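S.K.: See upload.tsv below, with TSV, C-alpha atoms and all ligand atoms.
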```
chain	number	residue	atom	x	y	z
A	165	MET	CA	-5.09	-4.55	-20.10
A	166	ILE	CA	-2.66	-3.24	-22.68
A	167	HIS	CA	-4.10	0.26	-22.54
A	168	THR	CA	-3.55	0.55	-18.78
A	169	ASN	CA	-0.09	-0.92	-19.07
A	170	LYS	CA	0.90	1.47	-21.84
A	171	HIS	CA	-0.52	4.41	-19.95
A	172	PHE	CA	1.57	3.52	-16.93
A	173	TYR	CA	4.77	3.18	-18.88
A	174	ILE	CA	4.15	6.40	-20.79
A	175	ILE	CA	3.91	8.23	-17.46
A	176	ARG	CA	7.15	6.60	-16.32
A	177	ILE	CA	8.94	7.49	-19.56
A	178	VAL	CA	7.72	11.08	-19.37
A	179	THR	CA	8.83	11.23	-15.75
A	180	LEU	CA	12.31	9.98	-16.59
A	181	SER	CA	12.62	12.29	-19.61
A	182	ILE	CA	11.75	15.38	-17.63
A	183	PHE	CA	14.14	14.28	-14.90
A	184	TYR	CA	17.16	15.80	-16.64
A	185	ILE	CA	15.66	19.07	-17.81
A	186	ALA	CA	13.44	20.33	-15.04
A	187	THR	CA	13.30	20.90	-11.35
A	188	LEU	CA	9.76	21.20	-10.14
A	189	THR	CA	8.30	22.10	-6.83
A	190	ASN	CA	4.75	21.18	-6.33
A	191	GLY	CA	2.20	22.24	-3.77
A	192	MET	CA	3.38	21.30	-0.32
A	193	ALA	CA	5.68	18.62	-1.65
A	194	SER	CA	9.03	20.31	-1.69
A	195	GLY	CA	11.44	19.84	-4.55
A	196	ASP	CA	14.85	18.33	-4.04
A	197	ASP	CA	18.27	18.48	-5.60
A	198	ASN	CA	17.45	16.63	-8.82
A	199	GLY	CA	13.71	17.09	-9.15
A	200	LEU	CA	12.89	13.38	-9.40
A	201	SER	CA	10.76	13.20	-6.29
A	202	ALA	CA	8.83	16.36	-7.14
A	203	ILE	CA	8.01	15.11	-10.64
A	204	THR	CA	6.96	11.64	-9.51
A	205	ILE	CA	4.90	13.09	-6.68
A	206	SER	CA	3.31	15.49	-9.14
A	207	SER	CA	2.34	12.60	-11.48
A	208	VAL	CA	0.70	10.70	-8.63
A	209	GLU	CA	-1.09	13.79	-7.32
A	210	SER	CA	-2.47	14.78	-10.70
A	211	LYS	CA	-3.67	11.26	-11.51
A	212	HIS	CA	-5.37	10.66	-8.16
A	213	GLY	CA	-6.35	14.18	-7.04
A	214	PHE	CA	-4.93	13.94	-3.54
A	215	GLN	CA	-2.19	16.03	-2.01
A	216	VAL	CA	1.17	14.62	-0.98
A	217	ILE	CA	2.48	16.43	2.08
A	218	VAL	CA	6.06	16.26	3.25
A	219	LYS	CA	6.15	19.25	5.62
A	220	GLY	CA	3.82	20.95	8.09
A	221	GLN	CA	1.48	18.00	8.65
A	222	GLY	CA	0.56	19.26	12.12
A	223	TYR	CA	1.60	16.21	14.15
A	224	PRO	CA	0.50	15.11	16.70
A	225	ILE	CA	-2.89	14.34	15.17
A	226	LYS	CA	-5.67	13.16	17.46
A	227	THR	CA	-8.04	10.42	16.31
A	228	SER	CA	-10.64	8.36	18.14
A	229	TYR	CA	-8.26	5.39	18.16
A	230	GLY	CA	-5.19	7.26	19.39
A	231	VAL	CA	-2.63	9.98	18.76
A	232	ILE	CA	-0.64	9.84	15.53
A	233	GLN	CA	2.84	11.26	15.97
A	234	ALA	CA	5.61	11.71	13.40
A	235	THR	CA	8.45	13.98	12.33
A	236	GLU	CA	9.14	15.61	8.97
A	237	SER	CA	11.05	13.69	6.32
A	238	SER	CA	14.36	14.70	4.86
A	239	HIS	CA	14.67	15.52	1.15
A	240	SER	CA	16.83	12.48	0.58
A	241	ASP	CA	14.20	10.18	2.15
A	242	VAL	CA	11.48	11.74	-0.04
A	243	ASN	CA	13.64	11.26	-3.10
A	244	LEU	CA	14.35	7.62	-2.25
A	245	TYR	CA	10.67	6.98	-1.63
A	246	SER	CA	9.30	8.69	-4.74
A	247	GLU	CA	9.63	5.59	-6.92
A	248	THR	CA	7.65	3.56	-4.39
A	249	LEU	CA	4.94	6.22	-4.34
A	250	GLY	CA	4.79	5.83	-8.12
A	251	GLU	CA	3.29	2.37	-7.50
A	252	LEU	CA	-0.01	4.17	-6.92
A	253	LEU	CA	-0.06	4.85	-10.67
A	254	LEU	CA	-1.00	1.18	-11.07
A	255	TYR	CA	-4.48	1.97	-9.70
A	256	PRO	CA	-7.30	3.63	-11.59
A	257	ARG	CA	-8.25	7.07	-10.22
A	258	LYS	CA	-11.64	5.68	-9.26
A	259	VAL	CA	-10.09	3.46	-6.57
A	260	VAL	CA	-8.60	6.45	-4.74
A	261	ASP	CA	-11.89	8.37	-5.10
A	262	LEU	CA	-13.85	5.45	-3.64
A	263	CYS	CA	-11.32	5.19	-0.80
A	264	ASN	CA	-11.79	8.94	-0.18
A	265	ILE	CA	-8.06	9.52	0.31
A	266	LYS	CA	-7.45	13.28	0.24
A	267	THR	CA	-3.93	13.42	1.63
A	268	VAL	CA	-0.83	11.23	1.64
A	269	SER	CA	1.62	12.26	4.31
A	270	LEU	CA	5.28	11.26	3.94
A	271	CYS	CA	7.00	11.33	7.33
A	272	ASN	CA	9.53	9.73	9.67
A	273	ASN	CA	9.23	8.21	13.17
A	274	LEU	CA	5.54	7.49	12.66
A	275	SER	CA	3.71	6.10	15.69
A	276	VAL	CA	0.23	5.60	17.13
A	277	ASN	CA	0.03	5.99	20.91
A	278	GLY	CA	3.80	5.64	21.02
A	279	GLN	CA	3.93	2.39	19.04
A	280	LEU	CA	6.08	2.71	15.92
A	281	ARG	CA	4.29	1.99	12.62
A	282	SER	CA	5.39	1.73	9.00
A	283	ALA	CA	2.09	3.30	7.93
A	284	VAL	CA	-1.25	4.41	9.35
A	285	PRO	CA	-4.53	4.59	7.45
A	286	ASP	CA	-6.22	7.58	9.12
A	287	PHE	CA	-9.80	7.12	7.93
A	288	GLU	CA	-11.09	10.01	10.05
A	289	HIS	CA	-8.89	12.56	8.29
A	290	CYS	CA	-8.92	10.81	4.87
A	291	THR	CA	-5.14	10.57	5.15
A	292	LEU	CA	-2.62	7.84	4.52
A	293	HIS	CA	0.47	8.37	6.69
A	294	LEU	CA	3.62	6.66	5.42
A	295	ASP	CA	6.89	6.38	7.30
A	296	ILE	CA	9.35	6.63	4.43
A	297	ALA	CA	12.50	6.07	6.47
A	298	GLN	CA	11.84	2.34	6.81
A	299	ASN	CA	15.08	0.80	5.68
A	300	ASP	CA	14.71	-2.86	5.14
A	301	SER	CA	16.77	-5.67	3.76
A	302	GLU	CA	13.89	-6.69	1.52
A	303	ALA	CA	13.77	-4.30	-1.41
A	304	ASP	CA	10.05	-4.73	-2.04
A	305	TYR	CA	9.03	-4.00	1.55
A	306	PRO	CA	8.10	-0.29	1.10
A	307	ALA	CA	5.89	-1.17	-1.91
A	308	HIS	CA	4.34	-4.00	0.09
A	309	VAL	CA	3.49	-1.61	2.94
A	310	LEU	CA	1.95	0.92	0.54
A	311	HIS	CA	-0.39	-1.64	-1.09
A	312	HIS	CA	-1.21	-3.25	2.26
A	313	GLU	CA	-2.35	0.11	3.70
A	314	LEU	CA	-4.31	1.09	0.62
A	315	PHE	CA	-6.17	-2.19	0.96
A	316	HIS	CA	-7.30	-1.24	4.50
A	317	PHE	CA	-9.06	1.77	2.92
A	318	ILE	CA	-10.68	-0.45	0.27
A	319	ASP	CA	-11.67	-3.01	2.91
A	320	LEU	CA	-13.40	-0.41	5.07
A	321	LYS	CA	-15.07	1.44	2.21
A	322	ASP	CA	-16.44	-1.63	0.44
A	323	ASP	CA	-18.94	-2.56	3.17
A	324	GLY	CA	-18.16	-0.30	6.15
A	325	LYS	CA	-16.56	-3.21	8.01
A	326	LEU	CA	-12.88	-3.76	8.69
A	327	TYR	CA	-12.56	-6.17	11.61
A	328	THR	CA	-15.05	-8.84	10.61
A	329	ASP	CA	-15.57	-10.86	7.46
A	330	ASP	CA	-17.42	-14.12	8.06
A	331	ARG	CA	-17.01	-15.30	4.50
A	332	TRP	CA	-13.25	-14.83	4.65
A	333	ALA	CA	-12.90	-16.40	8.09
A	334	ALA	CA	-14.79	-19.47	6.84
A	335	ILE	CA	-12.05	-20.10	4.26
A	336	ASN	CA	-9.51	-20.77	7.03
A	337	PRO	CA	-8.61	-24.30	8.08
A	338	ALA	CA	-11.05	-25.77	10.63
A	339	GLY	CA	-10.20	-24.73	14.17
A	340	PHE	CA	-7.88	-21.90	13.16
A	341	ARG	CA	-8.02	-18.76	15.31
A	342	TYR	CA	-6.34	-15.45	14.53
A	343	LYS	CA	-3.65	-14.37	16.99
A	344	GLY	CA	-5.44	-11.29	18.25
A	345	GLY	CA	-4.40	-8.33	16.09
A	346	GLY	CA	-1.43	-6.84	14.27
A	347	ALA	CA	0.08	-5.18	17.35
A	348	ARG	CA	0.52	-8.58	19.03
A	349	VAL	CA	2.52	-10.22	16.30
A	350	ARG	CA	4.28	-7.22	14.74
A	351	TRP	CA	7.76	-8.04	15.98
A	352	GLN	CA	7.60	-11.78	15.41
A	353	SER	CA	6.10	-11.51	11.97
A	354	ARG	CA	9.33	-10.84	10.07
A	355	THR	CA	11.06	-13.99	11.33
A	356	LEU	CA	8.37	-16.61	11.86
A	357	LYS	CA	7.02	-18.65	8.97
A	358	PRO	CA	3.28	-18.83	8.30
A	359	THR	CA	1.30	-22.05	8.22
A	360	PRO	CA	-0.33	-23.09	4.91
A	361	GLY	CA	-3.28	-20.90	3.98
A	362	PHE	CA	-1.49	-17.66	4.93
A	363	VAL	CA	0.90	-15.54	2.89
A	364	SER	CA	2.86	-14.38	5.94
A	365	PHE	CA	2.99	-14.77	9.69
A	366	TYR	CA	1.54	-11.27	10.01
A	367	ALA	CA	-1.48	-12.47	8.00
A	368	MET	CA	-2.27	-14.79	10.91
A	369	ALA	CA	-2.79	-11.78	13.22
A	370	SER	CA	-6.39	-10.94	12.30
A	371	VAL	CA	-8.90	-11.11	9.48
A	372	GLU	CA	-8.17	-7.56	8.28
A	373	GLU	CA	-4.40	-8.13	8.27
A	374	ASP	CA	-4.85	-11.47	6.49
A	375	LYS	CA	-6.80	-9.78	3.71
A	376	ALA	CA	-4.39	-6.82	3.44
A	377	GLU	CA	-1.37	-9.15	3.40
A	378	THR	CA	-2.87	-11.43	0.75
A	379	PHE	CA	-3.61	-8.38	-1.41
A	380	ALA	CA	-0.12	-6.89	-0.89
A	381	TYR	CA	1.54	-10.18	-1.86
A	382	MET	CA	-0.59	-10.26	-5.00
A	383	MET	CA	0.41	-6.68	-5.84
A	384	VAL	CA	4.14	-7.11	-5.22
A	385	GLN	CA	4.78	-10.78	-6.02
A	386	TYR	CA	1.82	-11.71	-8.21
A	387	LYS	CA	3.26	-14.67	-10.12
A	388	ARG	CA	4.99	-16.17	-7.09
A	389	THR	CA	1.82	-15.88	-5.00
A	390	ILE	CA	-0.33	-17.52	-7.68
A	391	LEU	CA	2.26	-20.30	-8.01
A	392	ARG	CA	2.23	-20.76	-4.25
A	393	SER	CA	-1.56	-20.99	-4.25
A	394	ASN	CA	-1.45	-23.89	-6.71
A	395	GLU	CA	-0.09	-25.97	-3.83
A	396	ASP	CA	-2.29	-24.35	-1.20
A	397	PRO	CA	-6.08	-24.66	-1.68
A	398	VAL	CA	-6.89	-22.32	1.24
A	399	LEU	CA	-4.66	-19.60	-0.20
A	400	LYS	CA	-6.22	-20.16	-3.62
A	401	LYS	CA	-9.68	-19.46	-2.20
A	402	LYS	CA	-8.38	-16.31	-0.52
A	403	ILE	CA	-6.91	-15.03	-3.79
A	404	ILE	CA	-10.26	-15.61	-5.52
A	405	ALA	CA	-12.02	-13.82	-2.62
A	406	ILE	CA	-9.68	-10.80	-2.97
A	407	GLU	CA	-10.24	-10.68	-6.73
A	408	GLU	CA	-14.01	-10.77	-6.25
A	409	LEU	CA	-13.96	-8.16	-3.48
A	410	LEU	CA	-11.93	-5.77	-5.62
A	411	LYS	CA	-14.03	-6.20	-8.72
A	412	GLN	CA	-17.14	-5.52	-6.71
A	413	PHE	CA	-15.53	-2.45	-5.14
A	414	CYS	CA	-14.36	-1.04	-8.47
A	415	PRO	CA	-15.15	-2.82	-11.76
A	416	GLU	CA	-11.86	-1.57	-13.22
A	417	LEU	CA	-10.00	-3.86	-10.79
A	418	ASN	CA	-10.64	-6.75	-13.14
A	419	ALA	CA	-8.55	-9.36	-14.95
A	420	SER	CA	-6.85	-6.63	-17.02
A	421	PHE	CA	-5.74	-4.90	-13.83
A	422	TRP	CA	-4.19	-8.12	-12.54
A	423	GLN	CA	-2.50	-8.68	-15.90
A	424	THR	CA	-0.93	-5.21	-15.59
A	425	VAL	CA	0.17	-6.01	-12.04
A	426	SER	CA	1.61	-9.32	-13.18
A	427	ASP	CA	3.54	-7.68	-16.04
A	428	PHE	CA	4.83	-4.78	-13.94
A	429	ARG	CA	8.59	-4.79	-13.50
A	430	ARG	CA	10.20	-3.05	-10.55
A	431	ARG	CA	13.70	-1.69	-10.71
A	432	ARG	CA	15.85	-3.49	-8.16
A	433	ARG	CA	16.66	-0.93	-5.52
A	434	ARG	CA	19.57	-2.83	-4.03
A	501	ZN	ZN	-2.44	-3.66	8.30
```
What does the file become when written as structure tokens?
M.R.:
Amino acid sequence: MIHTNKHFYIIRIVTLSIFYIATLTNGMASGDDNGLSAITISSVESKHGFQVIVKGQGYPIKTSYGVIQATESSHSDVNLYSETLGELLLYPRKVVDLCNIKTVSLCNNLSVNGQLRSAVPDFEHCTLHLDIAQNDSEADYPAHVLHHELFHFIDLKDDGKLYTDDRWAAINPAGFRYKGGGARVRWQSRTLKPTPGFVSFYAMASVEEDKAETFAYMMVQYKRTILRSNEDPVLKKKIIAIEELLKQFCPELNASFWQTVSDFRRRRRR
């Protein structure tokens, strides 16, 4: 626990120290005026062995489930997003290897078949596409999206299944039925409140979104989510199921990992 935590903070301290004395450009990730984004991106790339691309992604990209379209990001958007990308330093390298993520694409105006998305896990091209121009009143939202999407990779790679999980579905209250997929509830999900047993309204969309949402809430609001689960036995079972799934997927995602997540302090962005 302490080792991982220390390691993470050492990287952050090094990143901040270099901030004033160096301007780096790295691979396809272009540098910016102050070098912060390039250095943070470089830390994440070297820890996890994937490439962060901010230009020349070759959109539109065809996949079997639709066409991914996006535009290039501005330097200022990349710079603003770099701290969020640094959240990936919380994970052991092995997680990214098991997920087989080779590329992280930072872009704007991201869509699949014309429908705007905050992020797209493109399993076929081993790429995580992130729309980094998502301005939101909730400061933790970009981090939430990042962890949510990473979980979709974990969820697929752990047993080859994304859209079904009988064990998970059995935890739900008797008679509950998911609302038919993320696309159906996307625009209501920010305003409507979830029923007990679900971390968000969006979690009520489908089994895969429920799991990804539960995980993202644990990553971004760990203590609050655990506290909430003390009053919500269905949610408690889901948290235990996520912990078990992760530990099975990668043994390093154990109690020490969750302690590090719980102790992690984010700088308030606004
Ligand atoms: Zn999702």
S.K.: Which neighbours of Ile335 of chain A fall inside 8 Å, counting all atoms listed in the file, when residues of the same chain fewer than 5 positions from it are skipped, and could you give them as a list in words?
M.R.: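 Listed by chain and then number, they are Val398, Lys401 and Lys402 of chain A.
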S.K.: Closest to Leu310 of chain A among A:Val231, A:Ile406, A:Val384, A:Ala367, using all atoms listed in the file?
M.R.: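 Ranking A:Val231, A:Ile406, A:Val384, A:Ala367 by distance to Leu310 of chain A, first place goes to A:Val384.
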S.K.: Take atom CA of Arg392 of chain A and atom CA of Glu313 of chain A and report the distance between them in Å, one decimal.
M.R.: 22.8 Å
S.K.: Give the residue list for ligand ZN 501 (chain A) at 7 Å, counting all atoms listed in the file, as a VMD selection string, sorted by chain and then by residue number.
M.R.: chain A and resid 312 to 313 316 346 372 to 373 376
S.K.: Determine the nearest neighbour of Ala334 of chain A from the options A:Ala405, A:Phe365, A:Val242, A:Leu314, counting all atoms listed in the file.
M.R.: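 That would be A:Ala405, the residue with the smallest distance to Ala334 of chain A.
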S.K.: Please provide the set of residues having any atom within 12 Å of Leu292 of chain A, restricted to all atoms listed in the file, with same-chain residues fewer than 2 positions apart removed, written as an MDAnalysis selection string.
M.R.: chainID A and resid 214:217 221 232 249 260 263:271 274 282:290 294:295 309:317
S.K.: Tell me which of A:Met368, A:Leu417, A:Val363, A:Leu326 sits closest to Ile390 of chain A, counting all atoms listed in the file.
M.R.: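 Among the listed residues, the smallest separation from Ile390 of chain A belongs to A:Val363.
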S.K.: So what do you get for atom CA of Leu262 of chain A versus atom CA of Glu416 of chain A, distance-wise?
M.R.: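 Separating atom CA of Leu262 of chain A from atom CA of Glu416 of chain A is a distance of 12.0 Å.
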S.K.: Name the closest residue to His212 of chain A among the candidates A:Ile318, A:Val259, A:Leu244, A:Ala419; distances are taken between atoms, counting only C-alpha atoms.
M.R.: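 Of A:Ile318, A:Val259, A:Leu244, A:Ala419, the one nearest His212 of chain A is A:Val259, counting only C-alpha atoms.
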S.K.: For Trp332 of chain A, which of A:Thr378, A:Asn243, A:Ser201, A:Gln423 is the closest residue, counting all atoms listed in the file?
M.R.: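 Nearest to Trp332 of chain A: A:Thr378.
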S.K.: Measuring between all atoms listed in the file, which one of A:Ser238, A:Gln279, A:Thr227, A:Ser246 shows the shortest distance to Thr204 of chain A?
M.R.: A:Ser246
S.K.: Just give me the gap between atom CA of Val276 of chain A and atom CA of Gly230 of chain A in Å, one decimal is fine.
M.R.: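 Between atom CA of Val276 of chain A and atom CA of Gly230 of chain A the gap is 6.1 Å.
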S.K.: Output as a PDB file, in the coordinates of the input: segment 308-340 of chain A, completed with N, CA and C atoms.
M.R.:
```pdb
ATOM      1  N   HIS A 308       5.264  -3.101  -0.597  1.00  0.00           N
ATOM      2  CA  HIS A 308       4.340  -4.000   0.090  1.00  0.00           C
ATOM      3  C   HIS A 308       3.503  -3.228   1.113  1.00  0.00           C
ATOM      4  N   VAL A 309       4.185  -2.399   1.910  1.00  0.00           N
ATOM      5  CA  VAL A 309       3.490  -1.610   2.940  1.00  0.00           C
ATOM      6  C   VAL A 309       2.456  -0.684   2.297  1.00  0.00           C
ATOM      7  N   LEU A 310       2.849  -0.034   1.212  1.00  0.00           N
ATOM      8  CA  LEU A 310       1.950   0.920   0.540  1.00  0.00           C
ATOM      9  C   LEU A 310       0.662   0.222   0.077  1.00  0.00           C
ATOM     10  N   HIS A 311       0.797  -0.924  -0.587  1.00  0.00           N
ATOM     11  CA  HIS A 311      -0.390  -1.640  -1.090  1.00  0.00           C
ATOM     12  C   HIS A 311      -1.212  -2.219   0.060  1.00  0.00           C
ATOM     13  N   HIS A 312      -0.532  -2.711   1.072  1.00  0.00           N
ATOM     14  CA  HIS A 312      -1.210  -3.250   2.260  1.00  0.00           C
ATOM     15  C   HIS A 312      -2.116  -2.164   2.873  1.00  0.00           C
ATOM     16  N   GLU A 313      -1.573  -0.962   3.053  1.00  0.00           N
ATOM     17  CA  GLU A 313      -2.350   0.110   3.700  1.00  0.00           C
ATOM     18  C   GLU A 313      -3.483   0.590   2.817  1.00  0.00           C
ATOM     19  N   LEU A 314      -3.224   0.677   1.523  1.00  0.00           N
ATOM     20  CA  LEU A 314      -4.310   1.090   0.620  1.00  0.00           C
ATOM     21  C   LEU A 314      -5.464   0.092   0.714  1.00  0.00           C
ATOM     22  N   PHE A 315      -5.104  -1.177   0.870  1.00  0.00           N
ATOM     23  CA  PHE A 315      -6.170  -2.190   0.960  1.00  0.00           C
ATOM     24  C   PHE A 315      -7.054  -1.960   2.190  1.00  0.00           C
ATOM     25  N   HIS A 316      -6.474  -1.505   3.306  1.00  0.00           N
ATOM     26  CA  HIS A 316      -7.300  -1.240   4.500  1.00  0.00           C
ATOM     27  C   HIS A 316      -8.391  -0.205   4.167  1.00  0.00           C
ATOM     28  N   PHE A 317      -8.039   0.802   3.350  1.00  0.00           N
ATOM     29  CA  PHE A 317      -9.060   1.770   2.920  1.00  0.00           C
ATOM     30  C   PHE A 317     -10.143   1.071   2.098  1.00  0.00           C
ATOM     31  N   ILE A 318      -9.716   0.258   1.138  1.00  0.00           N
ATOM     32  CA  ILE A 318     -10.680  -0.450   0.270  1.00  0.00           C
ATOM     33  C   ILE A 318     -11.582  -1.330   1.133  1.00  0.00           C
ATOM     34  N   ASP A 319     -10.950  -2.039   2.069  1.00  0.00           N
ATOM     35  CA  ASP A 319     -11.670  -3.010   2.910  1.00  0.00           C
ATOM     36  C   ASP A 319     -12.729  -2.331   3.775  1.00  0.00           C
ATOM     37  N   LEU A 320     -12.413  -1.139   4.262  1.00  0.00           N
ATOM     38  CA  LEU A 320     -13.400  -0.410   5.070  1.00  0.00           C
ATOM     39  C   LEU A 320     -14.500   0.159   4.184  1.00  0.00           C
ATOM     40  N   LYS A 321     -14.099   0.724   3.046  1.00  0.00           N
ATOM     41  CA  LYS A 321     -15.070   1.440   2.210  1.00  0.00           C
ATOM     42  C   LYS A 321     -15.994   0.490   1.454  1.00  0.00           C
ATOM     43  N   ASP A 322     -15.605  -0.754   1.277  1.00  0.00           N
ATOM     44  CA  ASP A 322     -16.440  -1.630   0.440  1.00  0.00           C
ATOM     45  C   ASP A 322     -17.746  -2.029   1.135  1.00  0.00           C
ATOM     46  N   ASP A 323     -17.698  -2.190   2.476  1.00  0.00           N
ATOM     47  CA  ASP A 323     -18.940  -2.560   3.170  1.00  0.00           C
ATOM     48  C   ASP A 323     -19.047  -1.923   4.559  1.00  0.00           C
ATOM     49  N   GLY A 324     -18.131  -0.980   4.859  1.00  0.00           N
ATOM     50  CA  GLY A 324     -18.160  -0.300   6.150  1.00  0.00           C
ATOM     51  C   GLY A 324     -17.602  -1.141   7.286  1.00  0.00           C
ATOM     52  N   LYS A 325     -17.085  -2.324   6.963  1.00  0.00           N
ATOM     53  CA  LYS A 325     -16.560  -3.210   8.010  1.00  0.00           C
ATOM     54  C   LYS A 325     -15.083  -3.519   7.750  1.00  0.00           C
ATOM     55  N   LEU A 326     -14.311  -3.485   8.831  1.00  0.00           N
ATOM     56  CA  LEU A 326     -12.880  -3.760   8.690  1.00  0.00           C
ATOM     57  C   LEU A 326     -12.484  -5.001   9.493  1.00  0.00           C
ATOM     58  N   TYR A 327     -13.060  -5.159  10.657  1.00  0.00           N
ATOM     59  CA  TYR A 327     -12.560  -6.170  11.610  1.00  0.00           C
ATOM     60  C   TYR A 327     -13.322  -7.493  11.563  1.00  0.00           C
ATOM     61  N   THR A 328     -14.346  -7.568  10.754  1.00  0.00           N
ATOM     62  CA  THR A 328     -15.050  -8.840  10.610  1.00  0.00           C
ATOM     63  C   THR A 328     -15.310  -9.133   9.140  1.00  0.00           C
ATOM     64  N   ASP A 329     -15.225 -10.404   8.809  1.00  0.00           N
ATOM     65  CA  ASP A 329     -15.570 -10.860   7.460  1.00  0.00           C
ATOM     66  C   ASP A 329     -15.819 -12.366   7.581  1.00  0.00           C
ATOM     67  N   ASP A 330     -17.071 -12.706   7.800  1.00  0.00           N
ATOM     68  CA  ASP A 330     -17.420 -14.120   8.060  1.00  0.00           C
ATOM     69  C   ASP A 330     -17.070 -15.020   6.885  1.00  0.00           C
ATOM     70  N   ARG A 331     -17.294 -14.480   5.683  1.00  0.00           N
ATOM     71  CA  ARG A 331     -17.010 -15.300   4.500  1.00  0.00           C
ATOM     72  C   ARG A 331     -15.520 -15.629   4.425  1.00  0.00           C
ATOM     73  N   TRP A 332     -14.709 -14.629   4.689  1.00  0.00           N
ATOM     74  CA  TRP A 332     -13.250 -14.830   4.650  1.00  0.00           C
ATOM     75  C   TRP A 332     -12.819 -15.804   5.749  1.00  0.00           C
ATOM     76  N   ALA A 333     -13.307 -15.558   6.957  1.00  0.00           N
ATOM     77  CA  ALA A 333     -12.900 -16.400   8.090  1.00  0.00           C
ATOM     78  C   ALA A 333     -13.252 -17.862   7.841  1.00  0.00           C
ATOM     79  N   ALA A 334     -14.347 -18.096   7.120  1.00  0.00           N
ATOM     80  CA  ALA A 334     -14.790 -19.470   6.840  1.00  0.00           C
ATOM     81  C   ALA A 334     -13.849 -20.204   5.887  1.00  0.00           C
ATOM     82  N   ILE A 335     -13.005 -19.451   5.183  1.00  0.00           N
ATOM     83  CA  ILE A 335     -12.050 -20.100   4.260  1.00  0.00           C
ATOM     84  C   ILE A 335     -10.923 -20.773   5.053  1.00  0.00           C
ATOM     85  N   ASN A 336     -10.649 -20.261   6.244  1.00  0.00           N
ATOM     86  CA  ASN A 336      -9.510 -20.770   7.030  1.00  0.00           C
ATOM     87  C   ASN A 336      -9.668 -22.239   7.405  1.00  0.00           C
ATOM     88  N   PRO A 337      -8.542 -22.900   7.652  1.00  0.00           N
ATOM     89  CA  PRO A 337      -8.610 -24.300   8.080  1.00  0.00           C
ATOM     90  C   PRO A 337      -9.477 -24.442   9.345  1.00  0.00           C
ATOM     91  N   ALA A 338     -10.170 -25.548   9.464  1.00  0.00           N
ATOM     92  CA  ALA A 338     -11.050 -25.770  10.630  1.00  0.00           C
ATOM     93  C   ALA A 338     -10.255 -25.606  11.919  1.00  0.00           C
ATOM     94  N   GLY A 339     -10.825 -24.878  12.868  1.00  0.00           N
ATOM     95  CA  GLY A 339     -10.200 -24.730  14.170  1.00  0.00           C
ATOM     96  C   GLY A 339      -9.187 -23.595  14.262  1.00  0.00           C
ATOM     97  N   PHE A 340      -8.875 -22.980  13.124  1.00  0.00           N
ATOM     98  CA  PHE A 340      -7.880 -21.900  13.160  1.00  0.00           C
ATOM     99  C   PHE A 340      -8.455 -20.667  13.859  1.00  0.00           C
TER     100      PHE A 340
END
```
